[in-house]
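Structure file run_2.cif (mmCIF, C-alpha atoms) follows.
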```
data_upload
#
loop_
_atom_site.group_PDB
_atom_site.id
_atom_site.type_symbol
_atom_site.label_atom_id
_atom_site.label_comp_id
_atom_site.auth_asym_id
_atom_site.auth_seq_id
_atom_site.Cartn_x
_atom_site.Cartn_y
_atom_site.Cartn_z
ATOM 1 C CA MET P 1 0.000 0.000 0.000
ATOM 2 C CA ALA P 2 2.766 2.432 0.874
ATOM 3 C CA ASP P 3 4.568 1.742 -2.431
ATOM 4 C CA ILE P 4 1.392 2.422 -4.430
ATOM 5 C CA VAL P 5 0.802 5.713 -2.608
ATOM 6 C CA MET P 6 4.391 6.830 -3.117
ATOM 7 C CA ASP P 7 4.447 5.887 -6.820
ATOM 8 C CA ASP P 8 1.311 7.690 -7.901
ATOM 9 C CA PHE P 9 1.079 10.440 -5.285
ATOM 10 C CA LEU P 10 2.578 13.231 -7.389
ATOM 11 C CA VAL P 11 0.408 12.382 -10.380
ATOM 12 C CA ARG P 12 -2.773 12.338 -8.344
ATOM 13 C CA TYR P 13 -1.797 15.471 -6.405
ATOM 14 C CA LYS P 14 -1.134 17.309 -9.675
ATOM 15 C CA ASN P 15 -4.445 16.154 -11.188
ATOM 16 C CA ILE P 16 -6.355 17.518 -8.179
ATOM 17 C CA SER P 17 -4.361 20.747 -8.278
ATOM 18 C CA ASN P 18 -5.255 21.246 -11.948
ATOM 19 C CA LYS P 19 -8.902 21.471 -10.936
ATOM 20 C CA LEU P 20 -8.078 24.654 -9.044
ATOM 21 C CA LYS P 21 -6.867 26.446 -12.153
ATOM 22 C CA LYS P 22 -9.187 29.122 -13.475
ATOM 23 C CA ARG P 23 -10.948 28.342 -16.746
ATOM 24 C CA PHE P 24 -12.163 30.983 -19.167
ATOM 25 C CA LEU P 25 -15.035 32.843 -17.459
ATOM 26 C CA ARG P 26 -15.353 30.039 -14.928
ATOM 27 C CA LYS P 27 -14.260 29.874 -11.324
ATOM 28 C CA PRO P 28 -12.962 26.531 -10.085
ATOM 29 C CA ASN P 29 -15.098 24.444 -7.748
ATOM 30 C CA VAL P 30 -12.791 24.612 -4.719
ATOM 31 C CA SER P 31 -14.919 22.383 -2.479
ATOM 32 C CA GLU P 32 -14.342 19.292 -4.610
ATOM 33 C CA PRO P 33 -10.509 19.532 -4.654
ATOM 34 C CA SER P 34 -10.527 20.189 -0.907
ATOM 35 C CA ASP P 35 -12.393 16.928 -0.324
ATOM 36 C CA GLN P 36 -10.134 15.084 -2.753
ATOM 37 C CA PHE P 37 -6.947 16.369 -1.138
ATOM 38 C CA GLY P 38 -8.356 15.253 2.214
ATOM 39 C CA ALA P 39 -9.115 11.777 0.848
ATOM 40 C CA LEU P 40 -5.661 11.481 -0.709
ATOM 41 C CA GLY P 41 -4.124 12.554 2.579
ATOM 42 C CA MET P 42 -6.010 9.853 4.479
ATOM 43 C CA GLU P 43 -4.793 7.276 1.957
ATOM 44 C CA CYS P 44 -1.211 8.470 2.418
ATOM 45 C CA GLU P 45 -1.603 8.282 6.193
ATOM 46 C CA ARG P 46 -2.888 4.717 5.985
ATOM 47 C CA GLY P 47 0.012 3.915 3.668
ATOM 48 C CA GLY P 48 2.546 5.137 6.213
ATOM 49 C CA VAL P 49 3.815 8.150 4.252
ATOM 50 C CA VAL P 50 2.730 10.827 6.666
ATOM 51 C CA GLN P 51 4.864 13.559 5.094
ATOM 52 C CA TYR P 52 2.690 13.266 1.965
ATOM 53 C CA ALA P 53 -0.402 13.297 4.155
ATOM 54 C CA GLY P 54 0.904 16.561 5.590
ATOM 55 C CA LEU P 55 1.281 18.063 2.119
ATOM 56 C CA CYS P 56 -2.316 17.106 1.350
ATOM 57 C CA GLN P 57 -3.536 18.790 4.523
ATOM 58 C CA LEU P 58 -1.663 21.956 3.546
ATOM 59 C CA ALA P 59 -3.530 21.859 0.237
ATOM 60 C CA VAL P 60 -6.817 21.373 2.119
ATOM 61 C CA ALA P 61 -5.979 24.430 4.221
ATOM 62 C CA ARG P 62 -5.371 26.531 1.110
ATOM 63 C CA CYS P 63 -8.707 25.447 -0.332
ATOM 64 C CA GLU P 64 -10.580 26.141 2.899
ATOM 65 C CA LYS P 65 -9.029 29.608 3.178
ATOM 66 C CA GLU P 66 -10.119 30.360 -0.366
ATOM 67 C CA LEU P 67 -13.632 29.276 0.593
ATOM 68 C CA GLY P 68 -13.500 31.606 3.610
ATOM 69 C CA ASN P 69 -13.524 28.733 6.124
ATOM 70 C CA SER P 70 -10.670 29.911 8.348
ATOM 71 C CA SER P 71 -11.509 27.537 11.184
ATOM 72 C CA ASN P 72 -11.495 24.509 8.851
ATOM 73 C CA ALA P 73 -8.198 25.744 7.412
ATOM 74 C CA ALA P 74 -6.737 25.922 10.916
ATOM 75 C CA TRP P 75 -7.790 22.332 11.673
ATOM 76 C CA ALA P 76 -6.139 21.181 8.445
ATOM 77 C CA LEU P 77 -2.952 23.079 9.300
ATOM 78 C CA ARG P 78 -2.853 21.531 12.765
ATOM 79 C CA THR P 79 -3.209 18.074 11.227
ATOM 80 C CA ALA P 80 -0.478 18.874 8.696
ATOM 81 C CA GLY P 81 1.865 19.989 11.474
ATOM 82 C CA ARG P 82 1.292 16.790 13.402
ATOM 83 C CA HIS P 83 1.985 14.706 10.293
ATOM 84 C CA PHE P 84 5.261 16.539 9.699
ATOM 85 C CA LEU P 85 6.318 15.986 13.311
ATOM 86 C CA ILE P 86 5.582 12.264 13.058
ATOM 87 C CA ALA P 87 7.573 12.110 9.824
ATOM 88 C CA ASP P 88 10.514 13.866 11.488
ATOM 89 C CA SER P 89 10.710 11.966 14.773
ATOM 90 C CA PRO P 90 11.807 10.102 16.763
ATOM 91 C CA PRO P 91 14.591 11.017 16.796
ATOM 92 C CA PHE P 92 15.300 14.282 14.999
ATOM 93 C CA ILE P 93 17.760 13.335 12.266
ATOM 94 C CA GLU P 94 18.723 16.947 11.588
ATOM 95 C CA PRO P 95 18.835 19.845 14.076
ATOM 96 C CA VAL P 96 16.414 21.780 11.840
ATOM 97 C CA SER P 97 14.787 19.730 9.075
ATOM 98 C CA ASP P 98 12.352 20.902 6.418
ATOM 99 C CA ARG P 99 9.626 18.718 7.930
ATOM 100 C CA PHE P 100 10.222 20.109 11.407
ATOM 101 C CA GLU P 101 10.157 23.677 10.134
ATOM 102 C CA GLY P 102 7.011 22.797 8.182
ATOM 103 C CA ALA P 103 5.368 21.568 11.376
ATOM 104 C CA LEU P 104 6.209 24.738 13.290
ATOM 105 C CA GLY P 105 5.020 26.897 10.403
ATOM 106 C CA SER P 106 1.739 24.995 10.176
ATOM 107 C CA PHE P 107 1.089 25.350 13.899
ATOM 108 C CA SER P 108 1.905 29.061 13.770
ATOM 109 C CA GLU P 109 -0.483 29.707 10.889
ATOM 110 C CA ALA P 110 -3.246 27.657 12.511
ATOM 111 C CA SER P 111 -2.856 29.624 15.737
ATOM 112 C CA ARG P 112 -3.127 32.871 13.767
ATOM 113 C CA LEU P 113 -6.408 31.714 12.222
ATOM 114 C CA TRP P 114 -7.924 30.714 15.569
ATOM 115 C CA GLN P 115 -8.730 34.148 16.997
ATOM 116 C CA SER P 116 -12.269 34.002 18.401
ATOM 117 C CA ASP P 117 -12.916 33.622 22.136
ATOM 118 C CA VAL P 118 -14.147 30.072 21.563
ATOM 119 C CA GLU P 119 -10.968 29.207 19.661
ATOM 120 C CA VAL P 120 -8.484 30.679 22.161
ATOM 121 C CA PRO P 121 -8.034 27.309 23.970
ATOM 122 C CA LEU P 122 -7.304 25.688 20.591
ATOM 123 C CA SER P 123 -4.634 28.301 19.866
ATOM 124 C CA ALA P 124 -3.176 27.789 23.338
ATOM 125 C CA GLY P 125 -3.108 24.035 22.747
ATOM 126 C CA LEU P 126 -1.084 24.576 19.577
ATOM 127 C CA SER P 127 1.386 26.704 21.519
ATOM 128 C CA LEU P 128 1.765 23.847 24.014
ATOM 129 C CA GLU P 129 2.328 21.375 21.158
ATOM 130 C CA THR P 130 4.926 23.666 19.633
ATOM 131 C CA GLY P 131 6.688 24.014 22.978
ATOM 132 C CA ALA P 132 6.734 20.238 23.401
ATOM 133 C CA ALA P 133 8.176 19.826 19.900
ATOM 134 C CA LEU P 134 10.940 22.271 20.835
ATOM 135 C CA ASP P 135 11.689 20.539 24.145
ATOM 136 C CA HIS P 136 15.272 19.951 22.950
ATOM 137 C CA ASP P 137 15.722 23.740 22.824
ATOM 138 C CA PRO P 138 14.214 25.256 25.989
ATOM 139 C CA HIS P 139 15.254 28.771 25.003
ATOM 140 C CA GLN P 140 12.874 28.564 22.017
ATOM 141 C CA ALA P 141 10.226 26.468 23.739
ATOM 142 C CA VAL P 142 9.766 28.964 26.568
ATOM 143 C CA THR P 143 8.250 31.524 24.169
ATOM 144 C CA HIS P 144 5.476 29.140 23.152
ATOM 145 C CA TYR P 145 4.708 27.969 26.683
ATOM 146 C CA ALA P 146 4.542 31.618 27.773
ATOM 147 C CA LYS P 147 2.128 32.359 24.932
ATOM 148 C CA ALA P 148 -0.107 29.451 25.968
ATOM 149 C CA ALA P 149 -0.123 30.655 29.578
ATOM 150 C CA SER P 150 -0.969 34.184 28.463
ATOM 151 C CA LEU P 151 -3.825 33.035 26.227
ATOM 152 C CA LEU P 152 -5.358 31.081 29.119
ATOM 153 C CA SER P 153 -4.785 33.716 31.807
ATOM 154 C CA SER P 154 -8.521 34.411 32.152
ATOM 155 C CA CYS P 155 -9.158 30.781 33.162
ATOM 156 C CA PRO P 156 -6.669 29.730 35.884
ATOM 157 C CA PRO P 157 -7.619 26.001 35.940
ATOM 158 C CA GLN P 158 -6.921 25.712 32.193
ATOM 159 C CA GLN P 159 -3.761 27.777 32.597
ATOM 160 C CA LEU P 160 -2.125 25.371 35.061
ATOM 161 C CA PRO P 161 -0.618 22.894 32.525
ATOM 162 C CA ALA P 162 0.917 25.753 30.530
ATOM 163 C CA LEU P 163 2.435 27.314 33.650
ATOM 164 C CA CYS P 164 3.780 23.938 34.802
ATOM 165 C CA GLN P 165 5.509 23.438 31.447
ATOM 166 C CA LEU P 166 6.763 27.034 31.442
ATOM 167 C CA LEU P 167 8.280 26.588 34.900
ATOM 168 C CA SER P 168 10.140 23.433 33.842
ATOM 169 C CA CYS P 169 11.308 25.048 30.628
ATOM 170 C CA ARG P 170 12.693 28.124 32.358
ATOM 171 C CA ILE P 171 14.588 25.966 34.842
ATOM 172 C CA LYS P 172 16.073 23.939 31.959
ATOM 173 C CA ALA P 173 17.061 27.176 30.222
ATOM 174 C CA GLY P 174 18.769 28.462 33.382
ATOM 175 C CA ASP P 175 16.386 31.412 33.642
ATOM 176 C CA TYR P 176 15.983 31.179 37.404
ATOM 177 C CA GLU P 177 14.525 34.639 37.865
ATOM 178 C CA GLY P 178 11.893 33.898 35.219
ATOM 179 C CA ALA P 179 11.280 30.508 36.832
ATOM 180 C CA LEU P 180 10.672 32.176 40.199
ATOM 181 C CA ASN P 181 8.132 34.544 38.652
ATOM 182 C CA THR P 182 6.419 31.616 36.942
ATOM 183 C CA ALA P 183 6.304 29.623 40.194
ATOM 184 C CA ASN P 184 4.610 32.615 41.824
ATOM 185 C CA ASP P 185 2.101 32.795 38.961
ATOM 186 C CA LEU P 186 1.489 29.056 39.230
ATOM 187 C CA ALA P 187 0.775 29.228 42.961
ATOM 188 C CA ALA P 188 -1.554 32.194 42.385
ATOM 189 C CA ALA P 189 -3.384 30.284 39.626
ATOM 190 C CA VAL P 190 -4.003 27.376 42.024
ATOM 191 C CA ASP P 191 -5.296 29.791 44.666
ATOM 192 C CA SER P 192 -7.688 31.228 42.061
ATOM 193 C CA SER P 193 -8.830 27.752 41.002
ATOM 194 C CA THR P 194 -9.805 26.315 44.383
ATOM 195 C CA SER P 195 -10.313 27.505 47.941
ATOM 196 C CA VAL P 196 -9.365 24.109 49.403
ATOM 197 C CA PRO P 197 -6.374 22.564 47.601
ATOM 198 C CA PHE P 198 -6.630 18.817 47.061
ATOM 199 C CA GLY P 199 -5.188 16.193 44.754
ATOM 200 C CA LEU P 200 -3.391 17.762 41.809
ATOM 201 C CA TYR P 201 -3.809 21.243 43.272
ATOM 202 C CA SER P 202 -1.967 20.349 46.479
ATOM 203 C CA ASP P 203 0.737 18.580 44.438
ATOM 204 C CA ILE P 204 1.296 21.737 42.396
ATOM 205 C CA LEU P 205 1.406 23.911 45.510
ATOM 206 C CA LEU P 206 3.953 21.570 47.096
ATOM 207 C CA ARG P 207 6.087 21.794 43.957
ATOM 208 C CA CYS P 208 5.819 25.602 43.986
ATOM 209 C CA GLU P 209 6.697 25.801 47.676
ATOM 210 C CA ILE P 210 9.897 23.773 47.387
ATOM 211 C CA THR P 211 10.946 25.253 44.056
ATOM 212 C CA ARG P 212 10.432 28.832 45.197
ATOM 213 C CA VAL P 213 12.461 28.276 48.359
ATOM 214 C CA LEU P 214 15.335 26.830 46.318
ATOM 215 C CA LEU P 215 15.154 29.603 43.707
ATOM 216 C CA VAL P 216 15.103 32.413 46.278
ATOM 217 C CA LEU P 217 18.091 30.902 48.058
ATOM 218 C CA LEU P 218 19.894 30.435 44.750
ATOM 219 C CA LEU P 219 19.213 33.958 43.474
ATOM 220 C CA ARG P 220 19.923 35.579 46.871
ATOM 221 C CA PRO P 221 18.093 38.859 46.204
ATOM 222 C CA PRO P 222 18.651 41.630 48.785
ATOM 223 C CA PRO P 223 15.869 41.786 51.410
ATOM 224 C CA SER P 224 14.811 45.163 50.033
ATOM 225 C CA CYS P 225 14.121 43.562 46.630
ATOM 226 C CA LEU P 226 12.027 40.698 47.972
ATOM 227 C CA SER P 227 8.322 40.908 47.221
ATOM 228 C CA PRO P 228 5.933 40.529 50.169
ATOM 229 C CA VAL P 229 5.015 37.055 48.898
ATOM 230 C CA LEU P 230 8.627 35.867 48.899
ATOM 231 C CA SER P 231 9.422 37.555 52.212
ATOM 232 C CA THR P 232 6.519 35.689 53.789
ATOM 233 C CA LEU P 233 7.729 32.483 52.157
ATOM 234 C CA LEU P 234 11.177 32.704 53.746
ATOM 235 C CA GLU P 235 9.794 33.796 57.108
ATOM 236 C CA LYS P 236 7.889 30.515 57.332
ATOM 237 C CA TYR P 237 11.200 28.668 57.472
ATOM 238 C CA THR P 238 12.905 31.153 59.766
ATOM 239 C CA TRP P 239 10.382 31.630 62.551
ATOM 240 C CA GLN P 240 7.693 28.957 62.470
ATOM 241 C CA ASN P 241 8.018 25.740 64.430
ATOM 242 C CA GLN P 242 5.222 23.894 62.621
ATOM 243 C CA PRO P 243 4.654 23.099 58.948
ATOM 244 C CA PRO P 244 2.908 26.155 57.443
ATOM 245 C CA VAL P 245 0.351 24.159 55.440
ATOM 246 C CA LYS P 246 -1.326 20.752 55.613
ATOM 247 C CA TRP P 247 0.132 19.475 52.345
ATOM 248 C CA LEU P 248 3.741 20.001 53.523
ATOM 249 C CA ASP P 249 5.168 16.985 55.333
ATOM 250 C CA GLU P 250 6.752 17.775 58.713
ATOM 251 C CA GLN P 251 10.060 16.127 57.837
ATOM 252 C CA LEU P 252 10.257 18.044 54.577
ATOM 253 C CA PHE P 253 9.388 21.284 56.341
ATOM 254 C CA LEU P 254 12.146 20.796 58.929
ATOM 255 C CA LEU P 255 14.703 20.008 56.215
ATOM 256 C CA LEU P 256 13.740 23.098 54.213
ATOM 257 C CA GLN P 257 13.982 25.124 57.406
ATOM 258 C CA SER P 258 17.461 23.712 58.020
ATOM 259 C CA LEU P 259 18.411 24.555 54.432
ATOM 260 C CA VAL P 260 17.253 28.167 54.754
ATOM 261 C CA LEU P 261 19.050 28.663 58.055
ATOM 262 C CA ALA P 262 22.247 27.018 56.776
ATOM 263 C CA CYS P 263 22.253 29.267 53.708
ATOM 264 C CA GLN P 264 21.684 32.365 55.788
ATOM 265 C CA ALA P 265 24.527 31.358 58.111
ATOM 266 C CA GLN P 266 26.776 30.254 55.206
ATOM 267 C CA ASP P 267 27.284 26.992 57.122
ATOM 268 C CA HIS P 268 28.858 24.709 54.503
ATOM 269 C CA GLU P 269 28.900 21.619 56.700
ATOM 270 C CA ALA P 270 25.213 21.961 57.574
ATOM 271 C CA LEU P 271 24.399 22.600 53.908
ATOM 272 C CA CYS P 272 26.043 19.395 52.752
ATOM 273 C CA GLU P 273 24.408 17.388 55.534
ATOM 274 C CA THR P 274 20.957 18.821 54.687
ATOM 275 C CA GLU P 275 21.517 18.112 50.991
ATOM 276 C CA GLY P 276 21.999 14.415 51.699
ATOM 277 C CA GLN P 277 18.818 14.204 53.795
ATOM 278 C CA LEU P 278 16.717 16.302 51.416
ATOM 279 C CA TRP P 279 17.821 14.808 48.098
ATOM 280 C CA ASN P 280 15.424 11.850 47.836
ATOM 281 C CA LEU P 281 12.432 14.026 48.750
ATOM 282 C CA LEU P 282 12.898 16.223 45.678
ATOM 283 C CA ASP P 283 12.043 15.765 42.009
ATOM 284 C CA ASN P 284 14.718 15.971 39.289
ATOM 285 C CA GLU P 285 14.285 19.711 38.732
ATOM 286 C CA GLN P 286 14.543 20.456 42.429
ATOM 287 C CA GLN P 287 17.591 18.221 42.765
ATOM 288 C CA HIS P 288 19.206 20.236 39.970
ATOM 289 C CA LEU P 289 18.398 23.495 41.754
ATOM 290 C CA LEU P 290 19.702 22.138 45.056
ATOM 291 C CA SER P 291 22.980 21.119 43.415
ATOM 292 C CA CYS P 292 23.337 24.599 41.898
ATOM 293 C CA LEU P 293 22.574 26.136 45.281
ATOM 294 C CA ILE P 294 25.138 24.065 47.167
ATOM 295 C CA ARG P 295 27.766 24.747 44.482
ATOM 296 C CA THR P 296 27.059 28.494 44.547
ATOM 297 C CA ILE P 297 27.195 28.773 48.341
ATOM 298 C CA THR P 298 30.284 26.605 48.823
ATOM 299 C CA THR P 299 32.311 28.228 46.028
ATOM 300 C CA SER P 300 31.429 31.804 46.997
ATOM 301 C CA GLY P 301 32.176 31.388 50.657
#
```

For the file at hand, write its structure as structure tokens.
Amino acid sequence: MADIVMDDFLVRYKNISNKLKKRFLRKPNVSEPSDQFGALGMECERGGVVQYAGLCQLAVARCEKELGNSSNAAWALRTAGRHFLIADSPPFIEPVSDRFEGALGSFSEASRLWQSDVEVPLSAGLSLETGAALDHDPHQAVTHYAKAASLLSSCPPQQLPALCQLLSCRIKAGDYEGALNTANDLAAAVDSSTSVPFGLYSDILLRCEITRVLLVLLLRPPPSCLSPVLSTLLEKYTWQNQPPVKWLDEQLFLLLQSLVLACQAQDHEALCETEGQLWNLLDNEQQHLLSCLIRTITTSG
């Protein structure tokens, strides 16, 4: 099946395209070629040549735009982008291939066409897909995750996945100040989504709590530059004798408190001891931040 599709694809594609050419005093019937390109694309997909299926979906998008169906064109472009990504991975053979660039271009154009309030979540979803496709390059991916978070800012529960991805991406990119701002936004989005954190919400808040503590200690901003939110955050681990919230385990709270106090005192021995006790309670991102923190404190002192 794949061989048949590959052998006659160009001939069939050209025959359909010829139907779009203007005849003397006659406009082409664009609806028919659009359907035929879609059918040819499905055949290519079944035949395992998804890059050809992507080309067909691009042709469908052009037809739908000519018909004034911008939403249908956007759906076709999204499908084309996904086909190009499948054709290009895994793994990426070239750092920047034509198929990969075609996927990003298709997603970008689809997002541009989805502009209505109803379509905003669709556009945000494409930004998330683009960010995921660029996961190997966090400096590029962060732009798309930030766009998704911005598009969904009016609906905090829907915004949470975008902010979670943006936080991870900024940490990977080494943008710790941006990561701290995102962690603050993420915690605020949870607070806006529920009055009583539970399940996923409490998991996100726990992640934000630990990550923000590590980032503040790593960045070491002067007290005068600390926002009220971050000042309150550090005070929890300086003055309180009990875990500040229900979802924070007592052992973890005491270890974070020890970490904060050791950093403030520049106590290298206590830092290294706390690192060993805290390590297995952290996720990979937090372990990375803790390593950076210990290295920064011990080399600067």

Please provide as a short mmCIF file (atom, residue, chain, number, x, y, z; two decimals) with C-alpha atoms, in the coordinates of the input all residues within 12 Å of Gln240 (chain P), with the sequence filter that same-chain residues fewer than 4 positions apart are discarded (counting all atoms listed in the file).
```
data_model
loop_
_atom_site.label_atom_id
_atom_site.label_comp_id
_atom_site.auth_asym_id
_atom_site.auth_seq_id
_atom_site.Cartn_x
_atom_site.Cartn_y
_atom_site.Cartn_z
CA THR P 232 6.52 35.69 53.79
CA LEU P 233 7.73 32.48 52.16
CA LEU P 234 11.18 32.70 53.75
CA GLU P 235 9.79 33.80 57.11
CA LYS P 236 7.89 30.52 57.33
CA PRO P 244 2.91 26.16 57.44
CA VAL P 245 0.35 24.16 55.44
CA GLU P 250 6.75 17.77 58.71
CA PHE P 253 9.39 21.28 56.34
CA LEU P 254 12.15 20.80 58.93
CA LEU P 256 13.74 23.10 54.21
CA GLN P 257 13.98 25.12 57.41
CA SER P 258 17.46 23.71 58.02
#
```

Can you give me, as number ranges by chain, the residues this file yields under the PyMOL selection byres ((chain P and resi 157-174) around 9)? P: 121, 124-125, 128, 131-132, 135, 137-139, 141-156, 175-183, 185-186, 189-190, 192-194, 204, 285, 288-289

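You will find CA of Cys225 (chain P) at 26.9 Å from CA of Thr274 (chain P).
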
I'd like the contact shell of Phe100 (chain P) - 8 Å cut-off, only C-alpha atoms, skipping same-chain residues fewer than 6 positions apart - returned as a count of residues only.
3

One residue among P:Leu230, P:Leu55, P:Ala110, P:Ala39 is nearest to Val213 (chain P) when using all atoms listed in the file, and that residue is P:Leu230

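Pairwise distance (CA of Leu200 (chain P), CA of Gln286 (chain P)) equals 18.1 Å.
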
Subject >> Picked residues, the PyMOL selection byres ((chain P and resi 298) around 9), expected as a PyMOL selection string >> reply: chain P and resi 266-268+271+293-297+299-301

Go ahead and dump the residues you just picked, C-alpha atoms, as a CSV table (one decimal), in the coordinates of the input.
```
chain,number,residue,atom,x,y,z
P,266,GLN,CA,26.8,30.3,55.2
P,267,ASP,CA,27.3,27.0,57.1
P,268,HIS,CA,28.9,24.7,54.5
P,271,LEU,CA,24.4,22.6,53.9
P,293,LEU,CA,22.6,26.1,45.3
P,294,ILE,CA,25.1,24.1,47.2
P,295,ARG,CA,27.8,24.7,44.5
P,296,THR,CA,27.1,28.5,44.5
P,297,ILE,CA,27.2,28.8,48.3
P,299,THR,CA,32.3,28.2,46.0
P,300,SER,CA,31.4,31.8,47.0
P,301,GLY,CA,32.2,31.4,50.7
```
